Amino acid sequence: MPNANTPPPVPPTGPGSPQDVPPLPGELGVDPSTLPPPIRDELLKPDPVAIDTGSAELKDGLNRCPKCGATDIRQKPGSDLLVCLYCRHEWHGQRVEEEFGLGAGLDQLRGTVVASGARDIAADASALMTFKCAGCGAEVTVNTANAMTARCHWCRHVFGVNEQVANGAVPDAVLPFHIKKDDAVARIRQFVDKRRLFALKAFKDQFTPENVVGVYLPYMIVDANASADVGGYGEVETRRYTRGEGDKKQTYYDADVYRVERQVDFTVDDLTLESSTERGNLDARANTNNIINAILPFDTKNAVKWNASYLSGFSSEKRDRDVEQLRPQLENQLLSIARAQVEASANRYDRGVRWEQERIDVHGSRWVSMYLPVWLYSYHQPGGNGGMLHYIAVNGRTGETMGSVPVQQWKLLAAALTTGTFLEAIALWIVGN
């Protein structure tokens, strides 16, 4: 017979027990106050606010001419216009900044605002998109890994991927090409001709700028509202003097040292961040991706709402980096901007300021995914560790050109020795006279 004074057994609470149930939707399942501050803040921060930039009228894959209804639509070369190849009607795409008010309210930004084309990429999202042709009923498949448009092989309707699928292939906006291929070829040829003297012989033999490719590269365009604090030590020179004689003569200076602290509030409009891991790899031992940064900026204010018809005749690369992966890069660039902002206020320190503490506080940011136009010419130079991949890039809007040309090392060495010998001879002549 059980003892009436014996307390009842404590119900199990571990895994598999009746207490071990998942939290209800919207609940955390844990008391946030018991967590470390960084984890608590991460759990409690609001979800990113999304701006829906999708085009409901284009989700069936058909971009119809507003005049005749045909679907064979292309960009008019050298402009932001779309043109119907059937009736030749032309119209302008909607500028994304005007359509969604992206140029306003920078100083009011709070939290993280993410446009729908910039939302996180789903790891299991398929690259294949299938459309049912409204003309003949056939199914048309587009592989977004290498194309954004396809033509029905039965009735010739043209389909474009305009629905914002979760694989990173469809951005919020696109900045159309203005520089035509012939112009890009001429600019690349001119760039190489100026460097032909020292260029690698194999490169000169194989140089065919006509092989340049027009490609839309993925970027995140970011607006930000931020504050920064920087601190360090500045020096003001008070005296300069020389000691010693002859070869042992040395110059010294005396300076007053001051503690310098600055705080600045600022906003950034349309900061450009690469959202491709491959293009963001700036390892100079393997490639010359960094030359793409040298052809910035782009006139992103003129970007139009996403329409796959702008990509007809061009290739594109998908983004594979999300907002959180790019946030450290954003903060680094904002700190660089903050340093430039406070530079003018530190002019009195004629020996300069050594900044030792920096802190950036991003009050709010707005992220938009965008395709930017680049003409690319590439050349693979054989060598150890896979060789080197050289690029020459042309900004598809401004024509700005920059690149890397593989050189003959012995020619550079010979030129350096010849120049050095010539300068030494001049110096000896001056001394002798």
# chains A, B, ... in the order shown; residues from 1 in each chain; ligands from 1
>>> residues_around(residues="Ala228 of chain A", least_positions_apart="5", cutoff="12 Å", atoms="only C-alpha atoms", output="list in words")
Glu261, Arg262, Gln263, Val264, Asp265, Phe266, Thr267, Glu331, Asn332, Gln333, Leu334, Leu335, Ser336, Ile337, Ala338, Arg339, Ala340, Gln341, Val342, Gln357, Glu358, Arg359, Ile360, Asp361, Val362 and His363 of chain A
>>> residues_around(residues="Ile291 of chain A", least_positions_apart="3", cutoff="8 Å", atoms="only C-alpha atoms", output="ChimeraX atom specification")
/A:288,294-295,391-393,402-404
>>> write_last_selection(atoms="C-alpha atoms", output="PDB file, in the first residue's frame")
ATOM      1  CA  THR A 288      42.009  39.763 -62.482  1.00  0.00           C
ATOM      2  CA  ALA A 294      37.844  49.794 -61.982  1.00  0.00           C
ATOM      3  CA  ILE A 295      35.068  50.441 -64.520  1.00  0.00           C
ATOM      4  CA  TYR A 391      40.087  40.032 -68.116  1.00  0.00           C
ATOM      5  CA  ILE A 392      39.511  43.196 -70.093  1.00  0.00           C
ATOM      6  CA  ALA A 393      36.183  44.809 -69.174  1.00  0.00           C
ATOM      7  CA  MET A 402      40.168  48.545 -67.902  1.00  0.00           C
ATOM      8  CA  GLY A 403      41.970  45.241 -68.095  1.00  0.00           C
ATOM      9  CA  SER A 404      44.992  43.056 -67.603  1.00  0.00           C
TER      10      SER A 404
END
>>> closest_atom_pairs(of="segment 269-383 of chain A", to="segment 68-82 of chain A", cutoff="9 Å", atoms="only C-alpha atoms", output="tab-separated table")
residue	atom	partner	partner_atom	distance
A:Asn302	CA	A:Asp80	CA	8.7
A:Ala303	CA	A:Asp80	CA	8.8
A:Val304	CA	A:Asp80	CA	8.1
A:Ser309	CA	A:Arg74	CA	5.5
A:Tyr310	CA	A:Gln75	CA	5.3
A:Leu311	CA	A:Gln75	CA	8.0
A:Ser312	CA	A:Arg74	CA	6.2
A:Gly313	CA	A:Arg74	CA	8.6
>>> write_last_selection(atoms="N, CA, C and O atoms", output="PDB file, in the first residue's frame")
ATOM      1  N   ASN A 302      19.165  54.913 -63.529  1.00  0.00           N
ATOM      2  CA  ASN A 302      18.404  54.681 -64.759  1.00  0.00           C
ATOM      3  C   ASN A 302      17.988  53.229 -64.932  1.00  0.00           C
ATOM      4  O   ASN A 302      17.460  52.857 -65.979  1.00  0.00           O
ATOM      5  N   ALA A 303      18.218  52.392 -63.920  1.00  0.00           N
ATOM      6  CA  ALA A 303      17.827  50.981 -64.017  1.00  0.00           C
ATOM      7  C   ALA A 303      16.313  50.855 -64.149  1.00  0.00           C
ATOM      8  O   ALA A 303      15.554  51.628 -63.553  1.00  0.00           O
ATOM      9  N   VAL A 304      15.887  49.885 -64.925  1.00  0.00           N
ATOM     10  CA  VAL A 304      14.459  49.683 -65.160  1.00  0.00           C
ATOM     11  C   VAL A 304      13.988  48.419 -64.454  1.00  0.00           C
ATOM     12  O   VAL A 304      14.782  47.532 -64.106  1.00  0.00           O
ATOM     13  N   SER A 309      13.197  40.390 -71.335  1.00  0.00           N
ATOM     14  CA  SER A 309      13.443  40.734 -72.740  1.00  0.00           C
ATOM     15  C   SER A 309      14.717  41.546 -72.912  1.00  0.00           C
ATOM     16  O   SER A 309      15.323  41.543 -73.990  1.00  0.00           O
ATOM     17  N   TYR A 310      15.145  42.260 -71.862  1.00  0.00           N
ATOM     18  CA  TYR A 310      16.386  43.027 -71.968  1.00  0.00           C
ATOM     19  C   TYR A 310      17.605  42.110 -72.082  1.00  0.00           C
ATOM     20  O   TYR A 310      18.681  42.547 -72.487  1.00  0.00           O
ATOM     21  N   LEU A 311      17.458  40.832 -71.716  1.00  0.00           N
ATOM     22  CA  LEU A 311      18.597  39.924 -71.733  1.00  0.00           C
ATOM     23  C   LEU A 311      18.743  39.157 -73.042  1.00  0.00           C
ATOM     24  O   LEU A 311      19.689  38.383 -73.194  1.00  0.00           O
ATOM     25  N   SER A 312      17.829  39.366 -73.980  1.00  0.00           N
ATOM     26  CA  SER A 312      17.914  38.659 -75.260  1.00  0.00           C
ATOM     27  C   SER A 312      19.222  39.023 -75.958  1.00  0.00           C
ATOM     28  O   SER A 312      19.529  40.195 -76.160  1.00  0.00           O
ATOM     29  N   GLY A 313      19.990  38.018 -76.305  1.00  0.00           N
ATOM     30  CA  GLY A 313      21.264  38.242 -76.981  1.00  0.00           C
ATOM     31  C   GLY A 313      22.438  38.399 -76.039  1.00  0.00           C
ATOM     32  O   GLY A 313      23.580  38.550 -76.496  1.00  0.00           O
TER      33      GLY A 313
END
>>> residues_around(residues="Asp322 of chain A", least_positions_apart="3", cutoff="7 Å", atoms="only C-alpha atoms", output="tab-separated table (two decimals) with N, CA, C and O atoms, in the first residue's frame")
chain	number	residue	atom	x	y	z
A	120	ASP	N	16.59	35.96	-49.57
A	120	ASP	CA	17.54	34.84	-49.47
A	120	ASP	C	17.25	33.77	-50.52
A	120	ASP	O	16.09	33.47	-50.84
A	121	ILE	N	18.33	33.22	-51.03
A	121	ILE	CA	18.24	32.16	-52.04
A	121	ILE	C	17.93	30.83	-51.35
A	121	ILE	O	18.53	30.48	-50.34
A	325	GLN	N	25.32	37.70	-45.89
A	325	GLN	CA	26.68	37.41	-46.32
A	325	GLN	C	27.40	38.67	-46.78
A	325	GLN	O	28.63	38.76	-46.70
A	326	LEU	N	26.65	39.64	-47.27
A	326	LEU	CA	27.25	40.87	-47.79
A	326	LEU	C	27.33	41.98	-46.74
A	326	LEU	O	27.96	43.01	-46.97
>>> select_by_dssp(residues="segment 204-327 of chain A", states="alpha helix (DSSP H)", output="short mmCIF file (atom, residue, chain, number, x, y, z; two decimals) with C-alpha atoms, in the first residue's frame")
data_model
loop_
_atom_site.label_atom_id
_atom_site.label_comp_id
_atom_site.auth_asym_id
_atom_site.auth_seq_id
_atom_site.Cartn_x
_atom_site.Cartn_y
_atom_site.Cartn_z
CA LYS A 204 49.19 38.81 -79.25
CA ASP A 205 48.89 35.81 -81.58
CA GLN A 206 45.56 34.73 -80.08
CA THR A 277 31.11 34.71 -55.02
CA GLU A 278 33.13 34.02 -58.17
CA ARG A 279 33.33 37.68 -59.23
CA GLY A 280 33.92 38.76 -55.65
CA VAL A 323 22.10 40.08 -47.62
CA GLU A 324 23.66 38.71 -44.42
CA GLN A 325 26.68 37.41 -46.32
CA LEU A 326 27.25 40.87 -47.79
CA ARG A 327 26.65 42.83 -44.58
#
>>> closest_atom_pairs(of="segment 201-233 of chain A", to="segment 174-179 of chain A", cutoff="12 Å", atoms="only C-alpha atoms", output="JSON lines")
{"residue": "A:Gly214", "atom": "CA", "partner": "A:Phe177", "partner_atom": "CA", "distance": 8.5}
{"residue": "A:Val215", "atom": "CA", "partner": "A:Phe177", "partner_atom": "CA", "distance": 9.4}
{"residue": "A:Tyr216", "atom": "CA", "partner": "A:Val174", "partner_atom": "CA", "distance": 8.4}
{"residue": "A:Leu217", "atom": "CA", "partner": "A:Val174", "partner_atom": "CA", "distance": 9.8}
{"residue": "A:Pro218", "atom": "CA", "partner": "A:Val174", "partner_atom": "CA", "distance": 9.4}
{"residue": "A:Tyr219", "atom": "CA", "partner": "A:Val174", "partner_atom": "CA", "distance": 10.0}
{"residue": "A:Met220", "atom": "CA", "partner": "A:Val174", "partner_atom": "CA", "distance": 11.4}
{"residue": "A:Ile221", "atom": "CA", "partner": "A:Val174", "partner_atom": "CA", "distance": 11.2}
>>> select_by_dssp(residues="segment 100-172 of chain A", states="strand (DSSP E or B)", output="list in words")
Gly111, Thr112, Val113, Val114, Ala115, Leu128, Met129, Thr130, Phe131, Lys132, Glu139, Val140, Thr141, Val142, Asn143, Thr149, Ala150, Arg151, Val158, Phe159 and Gly160 of chain A
>>> closest_residue(among="A:Gly160, A:Gly396, A:Pro36, A:Gly117", to="Asp182 of chain A", atoms="only C-alpha atoms")
A:Gly396
>>> residues_around(residues="Asp172 of chain A", least_positions_apart="4", cutoff="12 Å", atoms="only C-alpha atoms", output="JSON, numbers by chain")
{"A": [50, 51, 52, 53, 54, 55, 94, 95, 96, 97, 99, 100, 102, 114, 115, 116, 117, 118, 119, 162, 163, 164, 165, 168, 218, 219, 220, 221, 303, 304, 305, 306, 307, 308, 367, 368, 369, 370, 371, 372]}
>>> atom_distance(atom1="atom CA of Leu376 of chain A", atom2="atom CA of Asp269 of chain A")
27.0 Å
>>> atom_distance(atom1="atom CA of Thr398 of chain A", atom2="atom CA of Pro209 of chain A")
18.5 Å
>>> residues_around(residues="Ala134 of chain A", least_positions_apart="3", cutoff="10 Å", atoms="only C-alpha atoms", output="list in words")
Asp60, Gly61, Leu62, Phe131, Gly137, Ala138, Glu139, Cys155 and His157 of chain A
>>> write_last_selection(atoms="N, CA, C and O atoms", output="PDB file, in the first residue's frame")
ATOM      1  N   ASP A  60       3.357  34.840 -66.553  1.00  0.00           N
ATOM      2  CA  ASP A  60       3.109  33.708 -67.444  1.00  0.00           C
ATOM      3  C   ASP A  60       4.241  33.505 -68.432  1.00  0.00           C
ATOM      4  O   ASP A  60       4.200  32.598 -69.267  1.00  0.00           O
ATOM      5  N   GLY A  61       5.283  34.367 -68.332  1.00  0.00           N
ATOM      6  CA  GLY A  61       6.443  34.234 -69.202  1.00  0.00           C
ATOM      7  C   GLY A  61       6.334  34.968 -70.512  1.00  0.00           C
ATOM      8  O   GLY A  61       7.308  35.051 -71.265  1.00  0.00           O
ATOM      9  N   LEU A  62       5.169  35.514 -70.826  1.00  0.00           N
ATOM     10  CA  LEU A  62       4.961  36.203 -72.104  1.00  0.00           C
ATOM     11  C   LEU A  62       5.018  37.716 -71.911  1.00  0.00           C
ATOM     12  O   LEU A  62       4.240  38.279 -71.151  1.00  0.00           O
ATOM     13  N   PHE A 131       7.066  26.700 -68.686  1.00  0.00           N
ATOM     14  CA  PHE A 131       5.884  27.495 -69.016  1.00  0.00           C
ATOM     15  C   PHE A 131       5.011  26.705 -69.982  1.00  0.00           C
ATOM     16  O   PHE A 131       5.518  25.971 -70.842  1.00  0.00           O
ATOM     17  N   GLY A 137      -0.129  25.210 -76.466  1.00  0.00           N
ATOM     18  CA  GLY A 137      -0.267  24.259 -75.373  1.00  0.00           C
ATOM     19  C   GLY A 137       0.992  23.476 -75.060  1.00  0.00           C
ATOM     20  O   GLY A 137       0.997  22.678 -74.113  1.00  0.00           O
ATOM     21  N   ALA A 138       2.046  23.694 -75.825  1.00  0.00           N
ATOM     22  CA  ALA A 138       3.293  22.970 -75.557  1.00  0.00           C
ATOM     23  C   ALA A 138       3.960  23.512 -74.303  1.00  0.00           C
ATOM     24  O   ALA A 138       3.684  24.623 -73.862  1.00  0.00           O
ATOM     25  N   GLU A 139       4.847  22.706 -73.718  1.00  0.00           N
ATOM     26  CA  GLU A 139       5.598  23.147 -72.550  1.00  0.00           C
ATOM     27  C   GLU A 139       6.981  23.632 -72.986  1.00  0.00           C
ATOM     28  O   GLU A 139       7.671  22.963 -73.770  1.00  0.00           O
ATOM     29  N   CYS A 155       5.134  27.139 -82.021  1.00  0.00           N
ATOM     30  CA  CYS A 155       4.423  28.332 -82.514  1.00  0.00           C
ATOM     31  C   CYS A 155       5.266  29.601 -82.463  1.00  0.00           C
ATOM     32  O   CYS A 155       4.774  30.679 -82.786  1.00  0.00           O
ATOM     33  N   HIS A 157       6.346  31.454 -80.047  1.00  0.00           N
ATOM     34  CA  HIS A 157       6.208  32.410 -78.948  1.00  0.00           C
ATOM     35  C   HIS A 157       7.523  32.481 -78.164  1.00  0.00           C
ATOM     36  O   HIS A 157       8.194  31.458 -77.986  1.00  0.00           O
TER      37      HIS A 157
END
>>> atom_distance(atom1="atom CA of Lys201 of chain A", atom2="atom CA of Ser378 of chain A")
15.9 Å
